[in-house]
file start24.cif (mmCIF, C-alpha atoms)
data_work
loop_
_atom_site.label_atom_id
_atom_site.label_comp_id
_atom_site.auth_asym_id
_atom_site.auth_seq_id
_atom_site.Cartn_x
_atom_site.Cartn_y
_atom_site.Cartn_z
CA MET A 1 36.54 -1.20 45.72
CA TYR A 2 33.91 0.65 43.66
CA LYS A 3 34.54 3.94 45.46
CA TYR A 4 38.24 3.66 44.63
CA PHE A 5 37.35 2.87 41.01
CA PHE A 6 34.96 5.84 40.93
CA ARG A 7 37.68 8.22 42.09
CA LEU A 8 40.27 6.71 39.77
CA VAL A 9 38.18 6.40 36.58
CA PHE A 10 34.64 7.77 36.55
CA LYS A 11 35.41 11.00 38.42
CA ARG A 12 37.97 11.87 35.73
CA LEU A 13 35.44 11.40 32.92
CA ASP A 14 32.71 13.75 31.77
CA PRO A 15 29.62 12.61 33.74
CA GLU A 16 27.57 11.82 30.65
CA GLN A 17 30.48 9.94 29.07
CA ALA A 18 30.93 7.96 32.30
CA HIS A 19 27.22 7.13 32.32
CA HIS A 20 27.31 5.75 28.78
CA LEU A 21 30.46 3.74 29.51
CA ALA A 22 29.08 2.17 32.69
CA PHE A 23 25.71 1.48 31.11
CA ARG A 24 27.41 -0.20 28.15
CA TRP A 25 29.30 -2.52 30.52
CA ILE A 26 26.07 -3.38 32.35
CA ARG A 27 24.28 -4.21 29.10
CA LEU A 28 27.17 -6.33 27.85
CA ALA A 29 27.31 -8.31 31.09
CA ALA A 30 23.56 -9.00 30.88
CA ARG A 31 24.06 -10.58 27.44
CA VAL A 32 26.48 -13.27 28.69
CA PRO A 33 24.42 -16.17 30.11
CA VAL A 34 26.80 -17.52 32.75
CA LEU A 35 28.04 -14.10 33.80
CA ARG A 36 24.59 -12.58 34.18
CA THR A 37 23.42 -15.55 36.27
CA PHE A 38 26.42 -15.19 38.57
CA LEU A 39 26.00 -11.43 38.87
CA ALA A 40 22.27 -11.66 39.55
CA ALA A 41 22.90 -14.20 42.31
CA ALA A 42 25.53 -11.94 43.87
CA LEU A 43 23.90 -8.55 43.36
CA ALA A 44 20.17 -9.28 43.43
CA PRO A 45 19.46 -11.68 46.31
CA ARG A 46 15.78 -12.30 46.96
CA TYR A 47 14.18 -11.85 50.36
CA LYS A 48 10.73 -13.40 50.65
CA GLU A 49 9.74 -10.92 53.34
CA LEU A 50 10.26 -8.02 50.93
CA ARG A 51 7.86 -9.28 48.28
CA THR A 52 5.60 -6.41 47.35
CA GLU A 53 2.23 -6.00 45.70
CA ALA A 54 1.58 -2.57 44.25
CA LEU A 55 -0.47 -1.21 41.35
CA GLY A 56 -1.94 -4.70 40.96
CA LEU A 57 1.55 -6.03 40.24
CA ARG A 58 3.78 -8.45 42.13
CA MET A 59 7.43 -7.57 42.65
CA HIS A 60 10.38 -9.20 44.38
CA GLY A 61 10.75 -6.08 46.50
CA PRO A 62 9.88 -2.38 46.68
CA PHE A 63 13.12 -0.95 45.27
CA GLY A 64 13.24 0.30 41.71
CA LEU A 65 15.28 2.35 39.27
CA ALA A 66 13.93 5.85 38.74
CA ALA A 67 13.38 7.24 35.26
CA GLY A 68 16.32 8.95 33.59
CA PHE A 69 18.94 6.22 33.69
CA ASP A 70 17.55 4.03 30.90
CA LYS A 71 15.81 6.57 28.69
CA ASN A 72 15.36 4.29 25.68
CA ALA A 73 14.60 0.85 27.15
CA VAL A 74 17.97 -0.58 26.11
CA GLY A 75 19.15 -2.03 29.43
CA ILE A 76 16.19 -3.36 31.38
CA ASP A 77 17.72 -6.81 31.92
CA GLY A 78 21.00 -5.29 33.02
CA MET A 79 19.37 -3.14 35.66
CA ALA A 80 17.29 -6.06 36.92
CA MET A 81 20.53 -8.05 37.14
CA LEU A 82 21.83 -5.38 39.52
CA GLY A 83 18.89 -5.80 41.88
CA PHE A 84 16.24 -3.32 40.82
CA ASP A 85 12.79 -4.84 41.38
CA HIS A 86 11.18 -2.49 38.91
CA VAL A 87 12.74 -0.40 36.15
CA GLU A 88 11.15 2.83 35.01
CA ILE A 89 12.33 3.74 31.53
CA GLY A 90 12.19 7.18 29.94
CA THR A 91 11.34 9.93 29.96
CA VAL A 92 10.03 9.14 26.45
CA THR A 93 8.52 11.90 24.29
CA GLY A 94 6.14 11.75 21.37
CA GLU A 95 8.91 12.54 18.90
CA PRO A 96 12.65 11.80 19.09
CA GLN A 97 14.79 14.68 20.29
CA PRO A 98 18.48 15.23 21.05
CA GLY A 99 17.95 17.09 24.29
CA ASN A 100 19.81 20.18 25.40
CA PRO A 101 23.35 21.06 24.31
CA LYS A 102 26.24 19.43 26.17
CA GLN A 103 27.59 19.76 28.86
CA ARG A 104 24.28 19.03 30.54
CA LEU A 105 25.12 16.67 33.42
CA PHE A 106 27.20 17.69 36.44
CA ARG A 107 28.41 15.83 39.53
CA LEU A 108 28.37 17.54 42.90
CA VAL A 109 30.57 14.92 44.55
CA GLU A 110 30.89 16.68 47.90
CA ASP A 111 27.09 16.79 48.11
CA ARG A 112 26.53 13.31 46.66
CA ALA A 113 24.28 14.96 44.12
CA LEU A 114 23.79 15.58 40.41
CA ILE A 115 22.54 18.51 38.37
CA ASN A 116 21.08 17.65 35.00
CA ARG A 117 19.53 19.64 32.20
CA MET A 118 19.35 16.74 29.77
CA GLY A 119 16.09 17.93 28.21
CA PHE A 120 14.40 14.56 27.60
CA ASN A 121 16.98 13.28 25.09
CA ASN A 122 15.45 10.06 23.76
CA ASP A 123 14.61 8.04 20.66
CA GLY A 124 10.91 8.94 20.68
CA SER A 125 7.87 6.86 21.52
CA LEU A 126 7.66 5.03 18.18
CA ARG A 127 11.17 3.58 18.38
CA VAL A 128 11.00 2.85 22.09
CA ALA A 129 7.68 1.05 21.62
CA ALA A 130 9.21 -1.08 18.85
CA ARG A 131 12.15 -1.90 21.11
CA LEU A 132 9.85 -2.97 23.94
CA ALA A 133 7.72 -5.02 21.54
CA SER A 134 10.72 -6.97 20.29
CA ARG A 135 12.25 -7.49 23.73
CA THR A 136 12.89 -11.08 24.84
CA PRO A 137 13.37 -10.66 28.58
CA VAL A 138 15.98 -12.62 30.49
CA PHE A 139 14.91 -11.14 33.80
CA LYS A 140 11.37 -9.97 34.40
CA PRO A 141 11.22 -6.86 36.53
CA VAL A 142 8.14 -4.71 36.44
CA VAL A 143 8.68 -2.16 33.67
CA GLY A 144 7.27 1.33 34.04
CA VAL A 145 7.18 3.80 31.15
CA ASN A 146 7.61 7.49 31.92
CA ILE A 147 6.27 9.86 29.25
CA GLY A 148 6.80 13.59 28.76
CA LYS A 149 6.17 16.44 26.35
CA THR A 150 8.19 16.90 23.17
CA LYS A 151 10.05 20.21 23.51
CA VAL A 152 8.88 21.74 20.22
CA VAL A 153 5.23 20.95 20.92
CA PRO A 154 3.47 24.07 22.25
CA GLU A 155 1.83 23.85 25.64
CA GLU A 156 -1.66 24.02 24.16
CA GLU A 157 -0.95 20.85 22.14
CA ALA A 158 0.65 18.96 25.01
CA VAL A 159 -2.32 16.67 25.63
CA ALA A 160 -2.23 15.27 22.09
CA ASP A 161 1.53 14.72 22.38
CA TYR A 162 1.15 12.73 25.61
CA VAL A 163 -1.77 10.77 24.15
CA LYS A 164 0.34 9.77 21.15
CA SER A 165 3.03 8.37 23.44
CA ALA A 166 0.47 6.63 25.64
CA GLU A 167 -1.16 4.91 22.66
CA ARG A 168 2.21 3.67 21.41
CA LEU A 169 3.69 2.60 24.74
CA ALA A 170 0.78 1.46 26.93
CA PRO A 171 0.68 -2.08 25.43
CA TYR A 172 4.23 -2.69 26.69
CA ALA A 173 4.05 -0.88 30.03
CA ASP A 174 3.35 -2.52 33.35
CA TYR A 175 2.52 1.01 34.43
CA LEU A 176 2.58 4.48 32.86
CA VAL A 177 3.87 7.70 34.40
CA VAL A 178 2.92 11.19 33.25
CA ASN A 179 5.94 13.40 33.87
CA VAL A 180 4.94 17.04 34.29
CA SER A 181 7.70 17.94 36.71
CA SER A 182 11.04 18.08 34.89
CA PRO A 183 12.50 21.59 35.01
CA ASN A 184 14.34 21.11 31.72
CA THR A 185 11.48 21.38 29.21
CA PRO A 186 10.12 24.94 28.94
CA GLY A 187 6.57 25.23 30.26
CA LEU A 188 6.34 21.60 31.39
CA ARG A 189 5.85 22.35 35.06
CA ASN A 190 2.89 24.58 34.20
CA LEU A 191 1.04 21.32 33.52
CA GLN A 192 1.13 20.52 37.27
CA ALA A 193 -1.59 23.12 37.85
CA THR A 194 -4.80 21.19 38.38
CA GLU A 195 -6.70 23.03 35.65
CA ALA A 196 -4.11 21.78 33.14
CA LEU A 197 -3.40 18.44 34.82
CA ARG A 198 -7.02 17.25 34.95
CA PRO A 199 -7.62 17.12 31.16
CA LEU A 200 -4.12 15.75 30.56
CA LEU A 201 -4.46 12.83 32.96
CA SER A 202 -8.00 12.11 31.80
CA ALA A 203 -6.89 11.99 28.16
CA VAL A 204 -3.94 9.70 28.91
CA ARG A 205 -6.18 7.43 30.97
CA GLU A 206 -8.66 7.18 28.09
CA ALA A 207 -5.85 6.54 25.59
CA ALA A 208 -4.41 3.71 27.68
CA ASP A 209 -7.84 2.11 28.14
CA ARG A 210 -8.64 2.47 24.44
CA THR A 211 -5.33 0.93 23.38
CA VAL A 212 -5.15 -1.88 25.94
CA SER A 213 -8.50 -3.51 26.58
CA ALA A 214 -7.33 -6.80 28.10
CA ARG A 215 -6.02 -5.20 31.31
CA ARG A 216 -5.91 -1.89 33.12
CA VAL A 217 -2.56 -0.15 32.73
CA PRO A 218 -1.88 1.67 36.04
CA LEU A 219 -1.38 5.41 35.61
CA LEU A 220 0.73 7.60 37.88
CA VAL A 221 1.84 11.24 37.87
CA LYS A 222 5.30 12.45 38.90
CA ILE A 223 5.44 15.76 40.75
CA ALA A 224 8.16 18.25 41.67
CA PRO A 225 9.45 18.90 45.19
CA ASP A 226 9.15 22.61 44.46
CA LEU A 227 5.35 22.61 44.58
CA ALA A 228 3.86 24.65 47.40
CA ASP A 229 2.15 22.57 50.07
CA GLU A 230 -1.30 23.66 48.95
CA ASP A 231 -0.47 22.57 45.39
CA VAL A 232 0.70 19.17 46.67
CA ASP A 233 -2.69 18.87 48.37
CA ALA A 234 -4.47 19.86 45.16
CA VAL A 235 -2.63 17.21 43.13
CA ALA A 236 -3.41 14.61 45.80
CA ASP A 237 -7.10 15.49 45.72
CA LEU A 238 -7.13 15.41 41.91
CA ALA A 239 -5.47 11.99 41.86
CA VAL A 240 -8.17 10.59 44.12
CA GLU A 241 -10.93 12.31 42.13
CA LEU A 242 -9.70 10.87 38.82
CA GLY A 243 -9.05 7.40 40.21
CA LEU A 244 -5.34 7.69 39.50
CA ASP A 245 -3.28 4.68 40.55
CA GLY A 246 -0.37 6.53 42.09
CA ILE A 247 1.86 9.54 42.60
CA ILE A 248 5.65 9.59 42.37
CA ALA A 249 7.21 12.04 44.80
CA THR A 250 9.46 13.62 43.78
CA ASN A 251 11.36 14.73 40.69
CA THR A 252 14.47 16.96 40.79
CA THR A 253 14.48 20.42 42.34
CA ILE A 254 15.44 23.81 40.93
CA ALA A 255 16.13 25.06 44.47
CA ARG A 256 19.70 25.71 45.63
CA GLU A 257 19.25 27.82 48.77
CA GLY A 258 18.78 26.17 52.14
CA LEU A 259 20.13 22.79 51.03
CA GLY A 260 23.53 23.12 52.66
CA LEU A 261 25.39 22.55 49.40
CA LYS A 262 29.16 22.27 49.80
CA SER A 263 30.30 21.93 46.20
CA HIS A 264 32.08 24.68 44.31
CA PRO A 265 29.82 27.66 43.52
CA SER A 266 30.52 27.24 39.81
CA LEU A 267 28.81 23.86 39.97
CA ILE A 268 25.97 24.91 42.23
CA LYS A 269 24.98 27.74 39.89
CA GLU A 270 24.53 25.38 36.92
CA THR A 271 20.92 25.42 35.75
CA GLY A 272 18.87 22.24 35.75
CA GLY A 273 17.35 19.81 38.19
CA LEU A 274 19.25 18.90 41.35
CA SER A 275 18.97 15.31 42.54
CA GLY A 276 20.62 13.22 45.21
CA ALA A 277 21.21 13.62 48.95
CA PRO A 278 20.26 17.33 49.26
CA LEU A 279 16.75 16.51 48.06
CA LYS A 280 16.15 14.02 50.86
CA GLU A 281 14.38 16.24 53.38
CA ARG A 282 11.93 17.96 51.04
CA SER A 283 11.09 14.78 49.17
CA LEU A 284 10.26 13.09 52.46
CA GLU A 285 8.12 16.06 53.51
CA VAL A 286 6.11 15.89 50.29
CA LEU A 287 5.64 12.15 50.69
CA ARG A 288 4.37 12.52 54.26
CA ARG A 289 1.96 15.23 53.17
CA LEU A 290 0.64 13.11 50.33
CA TYR A 291 0.07 10.08 52.55
CA ALA A 292 -1.70 12.18 55.17
CA ARG A 293 -4.00 13.36 52.39
CA VAL A 294 -4.67 10.16 50.44
CA GLY A 295 -3.84 7.34 52.87
CA ASP A 296 -4.03 3.94 51.23
CA ARG A 297 -6.38 5.01 48.45
CA ILE A 298 -3.57 5.31 45.91
CA THR A 299 -0.01 4.02 45.69
CA LEU A 300 2.79 6.41 46.57
CA VAL A 301 6.31 6.03 45.22
CA GLY A 302 9.11 7.68 47.18
CA VAL A 303 12.12 8.97 45.24
CA GLY A 304 14.66 11.73 45.79
CA GLY A 305 17.73 11.52 47.99
CA ILE A 306 17.49 7.81 48.80
CA GLU A 307 21.06 6.69 49.49
CA ASN A 308 20.75 3.65 51.74
CA ALA A 309 18.37 1.20 53.35
CA GLU A 310 17.56 3.59 56.19
CA ASP A 311 16.42 6.22 53.69
CA ALA A 312 14.27 3.64 51.91
CA TRP A 313 12.81 2.47 55.23
CA GLN A 314 11.93 6.03 56.23
CA ARG A 315 10.09 6.48 52.91
CA ILE A 316 8.08 3.33 53.57
CA LEU A 317 7.17 4.50 57.08
CA ALA A 318 6.16 7.84 55.53
CA GLY A 319 3.72 6.20 53.12
CA ALA A 320 5.64 4.85 50.13
CA THR A 321 4.74 1.38 48.94
CA LEU A 322 7.54 1.59 46.38
CA VAL A 323 10.85 3.46 46.49
CA GLN A 324 13.18 4.43 43.66
CA GLY A 325 16.73 5.63 43.29
CA TYR A 326 19.14 6.85 40.66
CA SER A 327 21.70 9.44 41.77
CA ALA A 328 23.14 7.38 44.63
CA PHE A 329 23.75 4.53 42.20
CA ILE A 330 26.42 6.71 40.60
CA TYR A 331 28.23 7.01 43.93
CA GLU A 332 27.51 3.58 45.44
CA GLY A 333 27.99 1.32 42.42
CA PRO A 334 26.77 -2.18 41.56
CA PHE A 335 26.36 -3.46 45.12
CA TRP A 336 23.89 -0.71 45.97
CA GLY A 337 20.75 -2.76 45.27
CA ARG A 338 22.06 -5.66 47.34
CA ALA A 339 22.74 -3.34 50.28
CA ILE A 340 19.28 -1.77 50.07
CA HIS A 341 17.53 -5.14 50.08
CA LYS A 342 19.64 -6.56 52.89
CA GLY A 343 19.15 -3.45 54.99
CA LEU A 344 15.40 -3.35 54.44
CA ALA A 345 15.04 -7.00 55.40
CA ALA A 346 17.03 -6.35 58.59
CA ARG A 347 14.92 -3.34 59.53
CA LEU A 348 11.67 -5.19 58.92
CA ALA A 349 12.89 -8.09 61.08
CA THR A 350 13.55 -5.81 64.06
CA SER A 351 10.42 -3.68 63.58
CA PRO A 352 6.98 -4.22 65.15
CA TYR A 353 5.50 -4.88 61.69
CA ALA A 354 4.77 -8.37 60.41
CA THR A 355 5.00 -7.38 56.75
CA LEU A 356 6.38 -4.56 54.68
CA ALA A 357 2.82 -3.56 53.78
CA ASP A 358 2.05 -3.08 57.49
CA ALA A 359 4.90 -0.58 57.73
CA VAL A 360 3.67 1.63 54.89
CA GLY A 361 2.63 4.97 56.35
CA ALA A 362 3.03 3.81 59.96
CA ASP A 363 4.83 6.97 61.11
CA VAL A 364 2.19 9.24 59.55
CA ARG A 365 -0.66 7.26 61.10
CA LYS A 366 0.94 7.64 64.54
CA THR A 367 0.78 11.41 64.31
CA ALA A 368 -2.66 11.62 62.70
#
call {"tool": "encode", "arguments": {"input": "start24.cif", "output": "structure tokens"}}
result
Amino acid sequence: MYKYFFRLVFKRLDPEQAHHLAFRWIRLAARVPVLRTFLAAALAPRYKELRTEALGLRMHGPFGLAAGFDKNAVGIDGMAMLGFDHVEIGTVTGEPQPGNPKQRLFRLVEDRALINRMGFNNDGSLRVAARLASRTPVFKPVVGVNIGKTKVVPEEEAVADYVKSAERLAPYADYLVVNVSSPNTPGLRNLQATEALRPLLSAVREAADRTVSARRVPLLVKIAPDLADEDVDAVADLAVELGLDGIIATNTTIAREGLGLKSHPSLIKETGGLSGAPLKERSLEVLRRLYARVGDRITLVGVGGIENAEDAWQRILAGATLVQGYSAFIYEGPFWGRAIHKGLAARLATSPYATLADAVGADVRKTA
């Protein structure tokens, strides 16, 4: 039914307009007590065997919403209602910004993909922090906060900009993510170089510890699939050296060649980050490489091209303790989370592994 509705309604709308319309419906449904209870029971069934511990946190399962969908922390309950075990909000910047000019979001329907050049449009860390502080949760998913650089801040002042966001948002974050991998903020990806990344991550870690003394706020970094293999290794080594809690692999790609894209050339040539099914292979390669390098010393989060339970299962076998999705949600609709959970439970039941934790990295260990 959803696929018919997508073709009939959403496909005819501007992608960003469709996003705001759908998100508004989700938020409204989550505000109606009886309706949200019914929807959560139907769309977010719990499987005891999928319960997951990661980053010192307990979750109903490993499947979460990637950053980018709820940039301003306005729909956390709604997304939990739809079956996401953790919700990563953002990317949030130090100062509010409108993002890049529209049109900035494009559907590649034939490729089950998206291209976005949103440019971190968000309300800014001060307003988002106030919103999180005043939140009275109905559902209680783990909430991650993804932070990035304000566009007008020069690269040499990036550390202070990230620190400002970390100080404001860390008290309300179950975990923090430093995003240095979006292709839509000029110069941002330069911060993935270890000589720039080391002082940035160290400063954010210190800011989080200084602001929140009662607990340790886990800190992760999100990397691009376009990094060369040796740079992936360097980030992995740096994460271990700094005692980082995790790595999210991967963000969107600027690549177009070699992905077998079928959509119209006018769409393919749009600038911005490509997400969705075409990213699947490279994202999985990066994840495998990271796990081979770091093993169980830090938590890995697999994201990029996850469309179904089999994709999520392959990420777990490749080393991901947590998996995230976003683009496929646009194409699969509100029953997507339910299908992922059901499929993961079925795969675990027929696997040789007693628990989901036992399956993490199993394929990589076999070839080591």
call {"tool": "residues_around", "arguments": {"input": "start24.cif", "residues": "stretch 332-348 of chain A", "least_positions_apart": "3", "cutoff": "9 Å", "atoms": "only C-alpha atoms", "output": "PyMOL selection string"}}
result
chain A and resi 2-3+6+42-47+49-50+61-64+82-84+307-310+312-313+328-329+351-356+359
call {"tool": "atom_distance", "arguments": {"input": "start24.cif", "atom1": "atom CA of A:Arg205", "atom2": "atom CA of A:Tyr162"}}
result
10.5 Å
call {"tool": "resolve_selection", "arguments": {"input": "start24.cif", "expression": "the PyMOL selection byres ((chain A and resi 135) around 10)", "output": "MDAnalysis selection string"}}
result
chainID A and resid 73:74 76:77 129:134 136:138 172
call {"tool": "atom_distance", "arguments": {"input": "start24.cif", "atom1": "atom CA of A:Trp25", "atom2": "atom CA of A:Phe38"}}
result
15.3 Å
call {"tool": "atom_distance", "arguments": {"input": "start24.cif", "atom1": "atom CA of A:Gly119", "atom2": "atom CA of A:Pro98"}}
result
8.0 Å
call {"tool": "residues_around", "arguments": {"input": "start24.cif", "residues": "A:Leu108", "least_positions_apart": "6", "cutoff": "9 Å", "atoms": "all atoms listed in the file", "output": "PyMOL selection string"}}
result
chain A and resi 114-115+261-264+267-268
call {"tool": "residues_around", "arguments": {"input": "start24.cif", "residues": "A:Ala160", "least_positions_apart": "5", "cutoff": "10 Å", "atoms": "all atoms listed in the file", "output": "list of chain:residue names"}}
result
A:Gly94, A:Lys149, A:Val153, A:Ser165, A:Ala166, A:Leu200, A:Ala203, A:Val204
call {"tool": "residues_around", "arguments": {"input": "start24.cif", "residues": "A:Lys222", "least_positions_apart": "2", "cutoff": "10 Å", "atoms": "all atoms listed in the file", "output": "list in words"}}
result
Asn146, Val177, Val178, Asn179, Val180, Ser181, Ser182, Gln192, Leu220, Ala224, Pro225, Gly246, Ile247, Ile248, Ala249, Thr250, Asn251, Val301 and Val303 of chain A
call {"tool": "closest_residue", "arguments": {"input": "start24.cif", "among": "A:Glu156, A:Asp311, A:Glu281, A:Asp245", "to": "A:Pro199", "atoms": "all atoms listed in the file"}}
result
A:Glu156
call {"tool": "resolve_selection", "arguments": {"input": "start24.cif", "expression": "the PyMOL selection byres ((chain A and resi 218) around 10)", "output": "number ranges by chain"}}
result
A: 54-57, 144, 170, 173-177, 205, 208-209, 215-217, 219-220, 244-246
call {"tool": "residues_around", "arguments": {"input": "start24.cif", "residues": "stretch 102-104 of chain A", "least_positions_apart": "6", "cutoff": "10 Å", "atoms": "all atoms listed in the file", "output": "PyMOL selection string"}}
result
chain A and resi 14-16+115-119+270-272
call {"tool": "closest_residue", "arguments": {"input": "start24.cif", "among": "A:Val232, A:Val212, A:Val159, A:Ala40", "to": "A:Pro171", "atoms": "all atoms listed in the file"}}
result
A:Val212
call {"tool": "residues_near_point", "arguments": {"input": "start24.cif", "point": "(-10.4, 11.7, 46.1)", "cutoff": "12 Å", "atoms": "only C-alpha atoms", "output": "PyMOL selection string"}}
result
chain A and resi 233-246+290+293-298
call {"tool": "closest_residue", "arguments": {"input": "start24.cif", "among": "A:Glu195, A:Phe106, A:Asn190, A:Ala228", "to": "A:Lys269", "atoms": "all atoms listed in the file"}}
result
A:Phe106
call {"tool": "resolve_selection", "arguments": {"input": "start24.cif", "expression": "the PyMOL selection byres ((chain A and resi 126) around 10)", "output": "VMD selection string"}}
result
chain A and resid 92 to 96 123 to 125 127 to 131 164 to 165 167 to 169
call {"tool": "closest_residue", "arguments": {"input": "start24.cif", "among": "A:Thr52, A:Arg112, A:Glu230, A:Ile147", "to": "A:Asn72", "atoms": "all atoms listed in the file"}}
result
A:Ile147
call {"tool": "closest_residue", "arguments": {"input": "start24.cif", "among": "A:Gly319, A:Pro101, A:Gly68, A:Pro154", "to": "A:Glu88", "atoms": "all atoms listed in the file"}}
result
A:Gly68
call {"tool": "closest_residue", "arguments": {"input": "start24.cif", "among": "A:Ser283, A:Ser275, A:Asn121, A:Asn100", "to": "A:Ser327", "atoms": "all atoms listed in the file"}}
result
A:Ser275
